[in-house]
$ cat work-v7.pdb   # PDB, C-alpha atoms
ATOM      1  CA  HIS N   8      48.086  13.059-103.404
ATOM      2  CA  VAL N   9      44.359  13.649-102.981
ATOM      3  CA  SER N  10      44.221  15.884-106.078
ATOM      4  CA  ARG N  11      44.848  14.426-109.514
ATOM      5  CA  VAL N  12      45.436  17.895-110.954
ATOM      6  CA  VAL N  13      47.988  18.902-108.305
ATOM      7  CA  LEU N  14      49.723  15.511-108.611
ATOM      8  CA  GLU N  15      50.192  16.021-112.337
ATOM      9  CA  LEU N  16      51.472  19.554-111.745
ATOM     10  CA  ASP N  17      53.976  18.378-109.113
ATOM     11  CA  ILE N  18      55.338  15.793-111.559
ATOM     12  CA  GLN N  19      55.489  18.362-114.357
ATOM     13  CA  LEU N  20      57.421  20.792-112.135
ATOM     14  CA  GLY N  21      59.838  18.083-111.070
ATOM     15  CA  LYS N  22      58.842  18.195-107.399
ATOM     16  CA  VAL N  23      58.489  14.429-107.225
ATOM     17  CA  PRO N  24      59.292  11.544-109.617
ATOM     18  CA  PRO N  25      56.226   9.779-111.058
ATOM     19  CA  HIS N  26      57.093   6.439-109.438
ATOM     20  CA  LYS N  27      57.042   7.993-105.964
ATOM     21  CA  ILE N  28      53.571   9.489-105.957
ATOM     22  CA  VAL N  29      50.072   8.057-106.304
ATOM     23  CA  HIS N  30      46.594   9.562-106.487
ATOM     24  CA  ILE N  31      44.067   8.593-103.813
ATOM     25  CA  PRO N  32      41.180  11.082-103.565
ATOM     26  CA  ASN N  33      39.359  12.239-100.454
ATOM     27  CA  GLY N  34      36.538  10.112 -99.111
ATOM     28  CA  VAL N  35      33.104  10.896 -97.699
ATOM     29  CA  GLU N  36      31.009   9.163 -95.077
ATOM     30  CA  THR N  37      27.868   8.728 -97.154
ATOM     31  CA  SER N  38      26.028   7.459 -94.087
ATOM     32  CA  VAL N  39      26.497  10.937 -92.591
ATOM     33  CA  PHE N  40      26.261  13.068 -95.722
ATOM     34  CA  LYS N  41      22.968  11.873 -97.183
ATOM     35  CA  PRO N  42      19.585  13.296 -98.195
ATOM     36  CA  ASP N  43      17.063  13.249 -95.351
ATOM     37  CA  PRO N  44      13.616  14.842 -95.840
ATOM     38  CA  ALA N  45      12.956  14.997 -92.102
ATOM     39  CA  VAL N  46      16.229  16.822 -91.465
ATOM     40  CA  ARG N  47      15.469  19.147 -94.386
ATOM     41  CA  ALA N  48      12.089  20.118 -92.931
ATOM     42  CA  ARG N  49      13.531  20.638 -89.470
ATOM     43  CA  MET N  50      16.484  22.736 -90.654
ATOM     44  CA  ARG N  51      14.433  24.925 -92.986
ATOM     45  CA  GLU N  52      12.080  25.632 -90.114
ATOM     46  CA  ALA N  53      15.008  26.441 -87.807
ATOM     47  CA  LEU N  54      16.541  28.745 -90.435
ATOM     48  CA  GLN N  55      13.113  30.238 -91.249
ATOM     49  CA  ILE N  56      13.339  29.286 -94.915
ATOM     50  CA  GLU N  57       9.968  29.221 -96.648
ATOM     51  CA  ASP N  58       9.112  26.284 -98.884
ATOM     52  CA  ALA N  59       8.971  28.474-101.979
ATOM     53  CA  THR N  60      12.439  29.970-101.428
ATOM     54  CA  PHE N  61      15.106  28.361-103.617
ATOM     55  CA  THR N  62      18.124  28.079-101.348
ATOM     56  CA  TRP N  63      21.715  27.971-102.526
ATOM     57  CA  ILE N  64      24.421  26.917-100.102
ATOM     58  CA  THR N  65      28.198  27.131-100.185
ATOM     59  CA  VAL N  66      30.621  25.864 -97.568
ATOM     60  CA  GLY N  67      34.218  27.029 -97.192
ATOM     61  CA  ARG N  68      36.556  29.378 -95.438
ATOM     62  CA  LEU N  69      36.248  33.045 -96.330
ATOM     63  CA  GLU N  70      39.663  33.336 -97.929
ATOM     64  CA  THR N  71      41.044  34.417-101.319
ATOM     65  CA  PRO N  72      40.998  31.016-103.105
ATOM     66  CA  LYS N  73      37.221  30.655-102.574
ATOM     67  CA  ASP N  74      36.562  33.946-104.425
ATOM     68  CA  TYR N  75      33.444  35.050-102.567
ATOM     69  CA  PRO N  76      33.379  38.397-104.423
ATOM     70  CA  ASN N  77      32.799  36.366-107.593
ATOM     71  CA  LEU N  78      29.973  34.412-105.941
ATOM     72  CA  LEU N  79      28.279  37.479-104.487
ATOM     73  CA  GLU N  80      28.421  39.305-107.808
ATOM     74  CA  ALA N  81      26.963  36.244-109.531
ATOM     75  CA  PHE N  82      24.184  36.072-106.973
ATOM     76  CA  ARG N  83      23.426  39.781-107.457
ATOM     77  CA  ARG N  84      23.105  39.161-111.201
ATOM     78  CA  LEU N  85      20.974  36.075-110.569
ATOM     79  CA  GLN N  86      18.483  38.028-108.520
ATOM     80  CA  GLN N  87      18.066  40.485-111.371
ATOM     81  CA  GLN N  88      17.316  37.633-113.789
ATOM     82  CA  THR N  89      14.981  35.328-111.893
ATOM     83  CA  ARG N  90      11.491  35.850-110.566
ATOM     84  CA  ILE N  91      11.912  32.887-108.235
ATOM     85  CA  ARG N  92      12.451  33.835-104.626
ATOM     86  CA  THR N  93      15.991  32.776-103.758
ATOM     87  CA  GLN N  94      18.628  33.125-101.089
ATOM     88  CA  LEU N  95      22.286  32.257-100.597
ATOM     89  CA  VAL N  96      23.567  30.652 -97.405
ATOM     90  CA  ILE N  97      27.316  30.946 -96.796
ATOM     91  CA  VAL N  98      28.794  28.597 -94.195
ATOM     92  CA  GLY N  99      32.317  29.325 -92.980
ATOM     93  CA  ASP N 100      34.508  32.052 -91.574
ATOM     94  CA  GLY N 101      37.828  33.656 -92.332
ATOM     95  CA  ALA N 102      39.885  36.774 -92.844
ATOM     96  CA  LEU N 103      37.669  38.075 -95.666
ATOM     97  CA  ARG N 104      34.388  37.978 -93.777
ATOM     98  CA  SER N 105      34.368  41.781 -93.466
ATOM     99  CA  VAL N 106      34.917  42.085 -97.232
ATOM    100  CA  ALA N 107      31.949  39.812 -97.868
ATOM    101  CA  GLU N 108      29.823  41.844 -95.458
ATOM    102  CA  GLN N 109      30.741  45.066 -97.271
ATOM    103  CA  ILE N 110      29.820  43.591-100.670
ATOM    104  CA  ILE N 111      26.516  42.333 -99.283
ATOM    105  CA  GLN N 112      25.675  45.739 -97.833
ATOM    106  CA  ARG N 113      26.815  47.671-100.903
ATOM    107  CA  ASN N 114      24.542  45.596-103.139
ATOM    108  CA  ASN N 115      21.571  45.534-100.728
ATOM    109  CA  LEU N 116      21.741  41.755-100.376
ATOM    110  CA  GLN N 117      21.193  41.676 -96.614
ATOM    111  CA  SER N 118      17.771  40.066 -96.929
ATOM    112  CA  SER N 119      18.878  37.330 -99.345
ATOM    113  CA  VAL N 120      22.435  36.410 -98.301
ATOM    114  CA  ARG N 121      23.105  34.831 -94.923
ATOM    115  CA  LEU N 122      26.549  34.460 -93.374
ATOM    116  CA  LEU N 123      26.210  31.614 -90.880
ATOM    117  CA  GLY N 124      29.855  31.567 -89.844
ATOM    118  CA  ARG N 125      31.556  28.392 -88.672
ATOM    119  CA  ARG N 126      29.150  25.513 -88.046
ATOM    120  CA  THR N 127      29.457  21.905 -86.913
ATOM    121  CA  ASP N 128      26.182  20.704 -88.452
ATOM    122  CA  ILE N 129      27.159  20.760 -92.132
ATOM    123  CA  PRO N 130      25.253  17.569 -93.083
ATOM    124  CA  ASN N 131      22.041  19.109 -91.727
ATOM    125  CA  LEU N 132      22.642  22.455 -93.400
ATOM    126  CA  LEU N 133      23.258  20.808 -96.773
ATOM    127  CA  ASN N 134      19.888  19.093 -96.446
ATOM    128  CA  ALA N 135      18.218  22.469 -95.989
ATOM    129  CA  ALA N 136      19.443  23.640 -99.399
ATOM    130  CA  ASP N 137      18.159  23.083-102.932
ATOM    131  CA  ALA N 138      21.547  23.332-104.672
ATOM    132  CA  PHE N 139      25.238  23.836-103.925
ATOM    133  CA  VAL N 140      27.481  26.461-105.492
ATOM    134  CA  LEU N 141      31.279  26.836-105.483
ATOM    135  CA  ALA N 142      32.906  29.934-106.963
ATOM    136  CA  SER N 143      36.568  29.176-106.220
ATOM    137  CA  ALA N 144      39.382  30.703-108.250
ATOM    138  CA  TRP N 145      41.470  27.579-107.621
ATOM    139  CA  GLU N 146      41.133  24.285-105.768
ATOM    140  CA  GLY N 147      42.715  20.903-105.208
ATOM    141  CA  MET N 148      40.164  18.262-104.199
ATOM    142  CA  PRO N 149      37.328  20.225-102.523
ATOM    143  CA  ASN N 150      35.651  18.222 -99.764
ATOM    144  CA  ALA N 151      32.672  20.585 -99.820
ATOM    145  CA  VAL N 152      31.753  19.477-103.347
ATOM    146  CA  LEU N 153      32.086  15.800-102.399
ATOM    147  CA  GLU N 154      29.843  16.317 -99.366
ATOM    148  CA  ALA N 155      27.227  18.271-101.325
ATOM    149  CA  ALA N 156      27.103  15.608-104.020
ATOM    150  CA  ALA N 157      26.830  12.885-101.366
ATOM    151  CA  THR N 158      23.817  14.772 -99.997
ATOM    152  CA  ALA N 159      22.274  14.516-103.481
ATOM    153  CA  LEU N 160      22.458  18.235-104.225
ATOM    154  CA  PRO N 161      22.944  19.388-107.823
ATOM    155  CA  VAL N 162      26.117  21.464-108.024
ATOM    156  CA  VAL N 163      27.136  24.593-109.902
ATOM    157  CA  SER N 164      30.883  25.121-109.680
ATOM    158  CA  THR N 165      33.826  26.779-111.300
ATOM    159  CA  CYS N 166      35.865  24.357-113.367
ATOM    160  CA  VAL N 167      38.904  24.250-111.081
ATOM    161  CA  GLY N 168      41.127  21.573-109.565
ATOM    162  CA  ASP N 169      39.554  18.137-109.432
ATOM    163  CA  VAL N 170      35.980  19.439-109.624
ATOM    164  CA  PRO N 171      35.590  18.268-113.268
ATOM    165  CA  HIS N 172      36.499  14.754-112.079
ATOM    166  CA  ILE N 173      33.663  14.912-109.513
ATOM    167  CA  ILE N 174      30.899  16.882-111.244
ATOM    168  CA  ARG N 175      29.890  15.760-114.728
ATOM    169  CA  ASP N 176      28.830  18.915-116.529
ATOM    170  CA  SER N 177      25.102  18.993-117.394
ATOM    171  CA  VAL N 178      24.644  15.654-115.587
ATOM    172  CA  PHE N 179      25.324  16.360-111.901
ATOM    173  CA  GLY N 180      25.115  20.125-112.332
ATOM    174  CA  TYR N 181      26.993  22.759-114.321
ATOM    175  CA  LEU N 182      30.637  23.840-114.603
ATOM    176  CA  VAL N 183      31.743  27.351-115.499
ATOM    177  CA  PRO N 184      35.079  29.169-115.919
ATOM    178  CA  PRO N 185      36.597  30.678-112.750
ATOM    179  CA  ARG N 186      36.461  34.435-112.112
ATOM    180  CA  ASN N 187      33.466  34.856-114.424
ATOM    181  CA  SER N 188      30.456  36.092-112.468
ATOM    182  CA  GLU N 189      28.205  36.303-115.521
ATOM    183  CA  SER N 190      28.793  32.656-116.460
ATOM    184  CA  LEU N 191      28.272  31.587-112.863
ATOM    185  CA  ALA N 192      25.015  33.526-112.621
ATOM    186  CA  GLN N 193      23.768  32.032-115.903
ATOM    187  CA  ALA N 194      24.517  28.492-114.720
ATOM    188  CA  MET N 195      22.739  29.111-111.422
ATOM    189  CA  TYR N 196      19.759  30.549-113.299
ATOM    190  CA  ARG N 197      19.743  27.570-115.673
ATOM    191  CA  LEU N 198      19.636  25.125-112.775
ATOM    192  CA  MET N 199      16.809  27.008-111.090
ATOM    193  CA  GLN N 200      14.767  26.866-114.300
ATOM    194  CA  LEU N 201      14.817  23.074-114.292
ATOM    195  CA  ASP N 202      11.831  21.290-112.802
ATOM    196  CA  ALA N 203      12.241  19.794-109.335
ATOM    197  CA  SER N 204      12.282  16.191-110.594
ATOM    198  CA  THR N 205      15.164  16.907-112.990
ATOM    199  CA  ARG N 206      17.199  18.564-110.243
ATOM    200  CA  LYS N 207      16.449  15.647-107.941
ATOM    201  CA  HIS N 208      17.646  13.192-110.584
ATOM    202  CA  MET N 209      20.867  15.185-111.003
ATOM    203  CA  GLY N 210      21.469  15.011-107.268
ATOM    204  CA  GLN N 211      20.729  11.298-107.095
ATOM    205  CA  MET N 212      23.200  10.554-109.875
ATOM    206  CA  ALA N 213      25.829  12.682-108.149
ATOM    207  CA  ARG N 214      25.299  10.773-104.905
ATOM    208  CA  GLN N 215      25.614   7.422-106.672
ATOM    209  CA  TYR N 216      28.904   8.540-108.193
ATOM    210  CA  ILE N 217      30.222   9.505-104.760
ATOM    211  CA  MET N 218      29.117   6.189-103.266
ATOM    212  CA  ASP N 219      30.879   4.288-106.040
ATOM    213  CA  ASN N 220      34.091   6.309-106.073
ATOM    214  CA  HIS N 221      34.495   8.311-102.863
ATOM    215  CA  GLU N 222      32.753   6.323-100.150
ATOM    216  CA  LEU N 223      35.084   6.382 -97.128
ATOM    217  CA  GLU N 224      35.369   2.594 -97.021
ATOM    218  CA  VAL N 225      36.350   2.517-100.709
ATOM    219  CA  ILE N 226      39.078   5.106-100.113
ATOM    220  CA  THR N 227      40.262   3.397 -96.922
ATOM    221  CA  ASN N 228      40.659   0.148 -98.862
ATOM    222  CA  ARG N 229      42.851   1.941-101.378
ATOM    223  CA  TRP N 230      45.052   3.300 -98.582
ATOM    224  CA  GLU N 231      45.333  -0.145 -97.016
ATOM    225  CA  ALA N 232      46.285  -1.651-100.373
ATOM    226  CA  LEU N 233      48.975   1.010-100.813
ATOM    227  CA  TYR N 234      50.432   0.334 -97.364
ATOM    228  CA  LYS N 235      50.437  -3.407 -98.067
ATOM    229  CA  GLN N 236      52.193  -2.849-101.379
ATOM    230  CA  MET N 237      54.874  -0.708 -99.717
ATOM    231  CA  ILE N 238      55.389  -3.200 -96.874
ATOM    232  CA  ASP N 239      55.674  -6.111 -99.290
ATOM    233  CA  SER N 240      58.142  -4.166-101.414
ATOM    234  CA  HIS N 241      60.219  -3.330 -98.345
ATOM    235  CA  ARG N 242      60.266  -6.960 -97.203
ATOM    236  CA  LYS N 243      61.568  -8.103-100.600
ATOM    237  CA  GLN N 244      64.510  -5.734-100.194
ATOM    238  CA  LEU N 245      65.505  -7.153 -96.810
ATOM    239  CA  PRO N 246      68.534  -9.487 -96.801
TER     240      PRO N 246
END
$ encode --input "work-v7.pdb" --output "structure tokens"
Amino acid sequence: HVSRVVLELDIQLGKVPPHKIVHIPNGVETSVFKPDPAVRARMREALQIEDATFTWITVGRLETPKDYPNLLEAFRRLQQQTRIRTQLVIVGDGALRSVAEQIIQRNNLQSSVRLLGRRTDIPNLLNAADAFVLASAWEGMPNAVLEAAATALPVVSTCVGDVPHIIRDSVFGYLVPPRNSESLAQAMYRLMQLDASTRKHMGQMARQYIMDNHELEVITNRWEALYKQMIDSHRKQLP
């Protein structure tokens, strides 16, 4: 299973015996998801993002588990707290897009929240941002967090699924309880108050962790080792 948390739950619920399941997390192509100043400059120009605008990005389908109402409420609170010009870029689409649009309009966030819909240039868009945020109510192993960390973005996320195994709280970013807009807003504000060099260091450490533990080649090797183990075991059982 790609998620350590879900694996443990499946064993606890008796869905699968412990000796028949193994944890191998998702991998990331760190040669694709990487920080690139030239791409950042080009994408911010294309998106008309001014240098002084602190840009948050989140990537994920607009569905119930991602809890966009929580994120949008947190961002509304954030704007009331900070004097720094900021915006939120939401990448993805789904059944709850109209709900998100209604919340944005009701709270007069049209000028600071951008719904980009489904995109195929996620590595470039991540480079355009200053930080990544995830407000999910529940998760397994979220690829979006892996990809953001690989791009050397500091991350603010709800403490759900395997996120605590990816993001070290106060080292790569900040973790907060799910369904708590005030805590999420405070963590986002706290990250924005850090100086640029500290945020950069957070992102660099997050990227190094991904390279060491989630690089696609590392994960592929683990899969190959598992297949070899199973084949060898099967051969020993042959008459």
$ atom_distance --input "work-v7.pdb" --atom1 "atom CA of N:Thr205" --atom2 "atom CA of N:Ala48"
20.5 Å
$ closest_residue --input "work-v7.pdb" --among "N:Ala192, N:Val23, N:Ile129, N:Leu245" --to "N:Thr65" --atoms "all atoms listed in the file"
N:Ile129
$ residues_around --input "work-v7.pdb" --residues "N:Gly101" --least-positions-apart "6" --cutoff "8 Å" --atoms "all atoms listed in the file" --output "PDB file with C-alpha atoms, keeping the file's coordinate frame"
ATOM      1  CA  ARG N  68      36.556  29.378 -95.438  1.00  0.00           C
ATOM      2  CA  LEU N  69      36.248  33.045 -96.330  1.00  0.00           C
ATOM      3  CA  GLU N  70      39.663  33.336 -97.929  1.00  0.00           C
TER       4      GLU N  70
END
$ closest_atom_pairs --input "work-v7.pdb" --of "stretch 137-197 of chain N" --to "stretch 82-99 of chain N" --cutoff "10 Å" --atoms "all atoms listed in the file" --output "tab-separated table"
residue	atom	partner	partner_atom	distance
N:Asp137	CA	N:Thr93	CA	10.0
N:Ala138	CA	N:Leu95	CA	9.8
N:Phe139	CA	N:Leu95	CA	9.5
N:Val140	CA	N:Leu95	CA	9.2
N:Ser188	CA	N:Arg84	CA	8.1
N:Glu189	CA	N:Arg84	CA	7.3
N:Leu191	CA	N:Phe82	CA	8.5
N:Ala192	CA	N:Leu85	CA	5.2
N:Gln193	CA	N:Leu85	CA	7.3
N:Ala194	CA	N:Leu85	CA	9.3
N:Met195	CA	N:Leu85	CA	7.2
N:Tyr196	CA	N:Leu85	CA	6.3
N:Arg197	CA	N:Thr89	CA	9.9
$ residues_around --input "work-v7.pdb" --residues "stretch 207-222 of chain N" --least-positions-apart "6" --cutoff "10 Å" --atoms "all atoms listed in the file" --output "compact mmCIF listing (two decimals) with C-alpha atoms, keeping the file's coordinate frame"
# COMPACT_ATOMS: atom_id res chain seq x y z
CA ILE N 31 44.07 8.59 -103.81
CA PRO N 32 41.18 11.08 -103.56
CA ASN N 33 39.36 12.24 -100.45
CA GLY N 34 36.54 10.11 -99.11
CA VAL N 35 33.10 10.90 -97.70
CA GLU N 36 31.01 9.16 -95.08
CA THR N 37 27.87 8.73 -97.15
CA SER N 38 26.03 7.46 -94.09
CA PHE N 40 26.26 13.07 -95.72
CA LYS N 41 22.97 11.87 -97.18
CA PRO N 42 19.58 13.30 -98.20
CA ASP N 137 18.16 23.08 -102.93
CA ALA N 138 21.55 23.33 -104.67
CA LEU N 153 32.09 15.80 -102.40
CA GLU N 154 29.84 16.32 -99.37
CA ALA N 155 27.23 18.27 -101.32
CA ALA N 156 27.10 15.61 -104.02
CA ALA N 157 26.83 12.88 -101.37
CA THR N 158 23.82 14.77 -100.00
CA ALA N 159 22.27 14.52 -103.48
CA LEU N 160 22.46 18.24 -104.22
CA PRO N 161 22.94 19.39 -107.82
CA VAL N 162 26.12 21.46 -108.02
CA ILE N 173 33.66 14.91 -109.51
CA ILE N 174 30.90 16.88 -111.24
CA ARG N 175 29.89 15.76 -114.73
CA SER N 177 25.10 18.99 -117.39
CA VAL N 178 24.64 15.65 -115.59
CA PHE N 179 25.32 16.36 -111.90
CA GLY N 180 25.12 20.12 -112.33
CA LEU N 201 14.82 23.07 -114.29
$ closest_residue --input "work-v7.pdb" --among "N:Gly67, N:Pro72, N:Pro130, N:Pro185" --to "N:Glu146" --atoms "all atoms listed in the file"
N:Pro72
$ atom_distance --input "work-v7.pdb" --atom1 "atom CA of N:Ser143" --atom2 "atom CA of N:Asp74"
5.1 Å
$ decode --input "work-v7.pdb" --residues "stretch 119-130 of chain N" --atoms "all heavy atoms" --output "PDB file, in the first residue's frame"
ATOM      1  N   SER N 119      -8.221  37.883  -5.208  1.00  0.00           N
ATOM      2  CA  SER N 119      -7.073  37.255  -4.554  1.00  0.00           C
ATOM      3  C   SER N 119      -7.075  35.731  -4.619  1.00  0.00           C
ATOM      4  O   SER N 119      -6.102  35.100  -4.209  1.00  0.00           O
ATOM      5  CB  SER N 119      -7.000  37.695  -3.087  1.00  0.00           C
ATOM      6  OG  SER N 119      -8.208  37.395  -2.412  1.00  0.00           O
ATOM      7  N   VAL N 120      -8.142  35.132  -5.127  1.00  0.00           N
ATOM      8  CA  VAL N 120      -8.192  33.677  -5.291  1.00  0.00           C
ATOM      9  C   VAL N 120      -8.429  33.357  -6.759  1.00  0.00           C
ATOM     10  O   VAL N 120      -9.355  33.884  -7.369  1.00  0.00           O
ATOM     11  CB  VAL N 120      -9.304  33.040  -4.436  1.00  0.00           C
ATOM     12  CG1 VAL N 120      -9.349  31.518  -4.689  1.00  0.00           C
ATOM     13  CG2 VAL N 120      -9.079  33.310  -2.958  1.00  0.00           C
ATOM     14  N   ARG N 121      -7.593  32.507  -7.308  1.00  0.00           N
ATOM     15  CA  ARG N 121      -7.683  32.168  -8.729  1.00  0.00           C
ATOM     16  C   ARG N 121      -7.923  30.681  -8.887  1.00  0.00           C
ATOM     17  O   ARG N 121      -7.158  29.853  -8.371  1.00  0.00           O
ATOM     18  CB  ARG N 121      -6.403  32.580  -9.453  1.00  0.00           C
ATOM     19  CG  ARG N 121      -6.106  34.058  -9.284  1.00  0.00           C
ATOM     20  CD  ARG N 121      -4.772  34.434  -9.850  1.00  0.00           C
ATOM     21  NE  ARG N 121      -4.730  34.323 -11.299  1.00  0.00           N
ATOM     22  CZ  ARG N 121      -3.720  34.741 -12.053  1.00  0.00           C
ATOM     23  NH1 ARG N 121      -2.660  35.285 -11.485  1.00  0.00           N
ATOM     24  NH2 ARG N 121      -3.754  34.629 -13.353  1.00  0.00           N
ATOM     25  N   LEU N 122      -8.990  30.332  -9.594  1.00  0.00           N
ATOM     26  CA  LEU N 122      -9.295  28.944  -9.914  1.00  0.00           C
ATOM     27  C   LEU N 122      -8.777  28.668 -11.325  1.00  0.00           C
ATOM     28  O   LEU N 122      -9.380  29.096 -12.312  1.00  0.00           O
ATOM     29  CB  LEU N 122     -10.801  28.700  -9.843  1.00  0.00           C
ATOM     30  CG  LEU N 122     -11.449  28.822  -8.455  1.00  0.00           C
ATOM     31  CD1 LEU N 122     -12.969  28.781  -8.576  1.00  0.00           C
ATOM     32  CD2 LEU N 122     -10.972  27.709  -7.538  1.00  0.00           C
ATOM     33  N   LEU N 123      -7.681  27.943 -11.429  1.00  0.00           N
ATOM     34  CA  LEU N 123      -7.069  27.706 -12.733  1.00  0.00           C
ATOM     35  C   LEU N 123      -7.641  26.491 -13.449  1.00  0.00           C
ATOM     36  O   LEU N 123      -7.362  26.284 -14.624  1.00  0.00           O
ATOM     37  CB  LEU N 123      -5.557  27.538 -12.597  1.00  0.00           C
ATOM     38  CG  LEU N 123      -4.759  28.740 -12.087  1.00  0.00           C
ATOM     39  CD1 LEU N 123      -3.277  28.465 -12.236  1.00  0.00           C
ATOM     40  CD2 LEU N 123      -5.142  30.024 -12.822  1.00  0.00           C
ATOM     41  N   GLY N 124      -8.440  25.687 -12.731  1.00  0.00           N
ATOM     42  CA  GLY N 124      -8.979  24.492 -13.355  1.00  0.00           C
ATOM     43  C   GLY N 124      -7.908  23.427 -13.541  1.00  0.00           C
ATOM     44  O   GLY N 124      -6.846  23.462 -12.939  1.00  0.00           O
ATOM     45  N   ARG N 125      -8.204  22.476 -14.434  1.00  0.00           N
ATOM     46  CA  ARG N 125      -7.272  21.379 -14.677  1.00  0.00           C
ATOM     47  C   ARG N 125      -6.127  21.867 -15.557  1.00  0.00           C
ATOM     48  O   ARG N 125      -6.339  22.485 -16.589  1.00  0.00           O
ATOM     49  CB  ARG N 125      -8.009  20.222 -15.356  1.00  0.00           C
ATOM     50  CG  ARG N 125      -7.225  18.940 -15.455  1.00  0.00           C
ATOM     51  CD  ARG N 125      -8.106  17.813 -15.951  1.00  0.00           C
ATOM     52  NE  ARG N 125      -9.213  17.568 -15.033  1.00  0.00           N
ATOM     53  CZ  ARG N 125     -10.233  16.759 -15.301  1.00  0.00           C
ATOM     54  NH1 ARG N 125     -10.293  16.143 -16.461  1.00  0.00           N
ATOM     55  NH2 ARG N 125     -11.193  16.580 -14.418  1.00  0.00           N
ATOM     56  N   ARG N 126      -4.898  21.553 -15.133  1.00  0.00           N
ATOM     57  CA  ARG N 126      -3.716  21.985 -15.887  1.00  0.00           C
ATOM     58  C   ARG N 126      -2.766  20.804 -16.076  1.00  0.00           C
ATOM     59  O   ARG N 126      -2.781  19.846 -15.310  1.00  0.00           O
ATOM     60  CB  ARG N 126      -2.991  23.101 -15.129  1.00  0.00           C
ATOM     61  CG  ARG N 126      -3.812  24.363 -14.901  1.00  0.00           C
ATOM     62  CD  ARG N 126      -3.861  25.220 -16.142  1.00  0.00           C
ATOM     63  NE  ARG N 126      -2.567  25.769 -16.485  1.00  0.00           N
ATOM     64  CZ  ARG N 126      -2.259  27.062 -16.494  1.00  0.00           C
ATOM     65  NH1 ARG N 126      -3.170  27.953 -16.160  1.00  0.00           N
ATOM     66  NH2 ARG N 126      -1.046  27.465 -16.852  1.00  0.00           N
ATOM     67  N   THR N 127      -1.943  20.906 -17.103  1.00  0.00           N
ATOM     68  CA  THR N 127      -0.946  19.862 -17.375  1.00  0.00           C
ATOM     69  C   THR N 127       0.468  20.358 -17.102  1.00  0.00           C
ATOM     70  O   THR N 127       1.427  19.616 -17.330  1.00  0.00           O
ATOM     71  CB  THR N 127      -1.042  19.390 -18.835  1.00  0.00           C
ATOM     72  OG1 THR N 127      -0.819  20.508 -19.704  1.00  0.00           O
ATOM     73  CG2 THR N 127      -2.405  18.777 -19.121  1.00  0.00           C
ATOM     74  N   ASP N 128       0.602  21.574 -16.607  1.00  0.00           N
ATOM     75  CA  ASP N 128       1.928  22.149 -16.355  1.00  0.00           C
ATOM     76  C   ASP N 128       2.175  22.369 -14.855  1.00  0.00           C
ATOM     77  O   ASP N 128       2.680  23.409 -14.437  1.00  0.00           O
ATOM     78  CB  ASP N 128       2.090  23.473 -17.116  1.00  0.00           C
ATOM     79  CG  ASP N 128       0.995  24.491 -16.777  1.00  0.00           C
ATOM     80  OD1 ASP N 128      -0.026  24.110 -16.174  1.00  0.00           O
ATOM     81  OD2 ASP N 128       1.174  25.669 -17.130  1.00  0.00           O
ATOM     82  N   ILE N 129       1.855  21.364 -14.059  1.00  0.00           N
ATOM     83  CA  ILE N 129       1.962  21.483 -12.606  1.00  0.00           C
ATOM     84  C   ILE N 129       3.380  21.825 -12.144  1.00  0.00           C
ATOM     85  O   ILE N 129       3.555  22.697 -11.284  1.00  0.00           O
ATOM     86  CB  ILE N 129       1.466  20.201 -11.905  1.00  0.00           C
ATOM     87  CG1 ILE N 129       0.037  19.860 -12.346  1.00  0.00           C
ATOM     88  CG2 ILE N 129       1.529  20.370 -10.393  1.00  0.00           C
ATOM     89  CD1 ILE N 129      -0.977  20.933 -12.054  1.00  0.00           C
ATOM     90  N   PRO N 130       4.432  21.195 -12.690  1.00  0.00           N
ATOM     91  CA  PRO N 130       5.780  21.565 -12.237  1.00  0.00           C
ATOM     92  C   PRO N 130       6.077  23.052 -12.413  1.00  0.00           C
ATOM     93  O   PRO N 130       6.700  23.676 -11.544  1.00  0.00           O
ATOM     94  CB  PRO N 130       6.705  20.703 -13.116  1.00  0.00           C
ATOM     95  CG  PRO N 130       5.872  19.523 -13.482  1.00  0.00           C
ATOM     96  CD  PRO N 130       4.484  20.073 -13.658  1.00  0.00           C
TER      97      PRO N 130
END
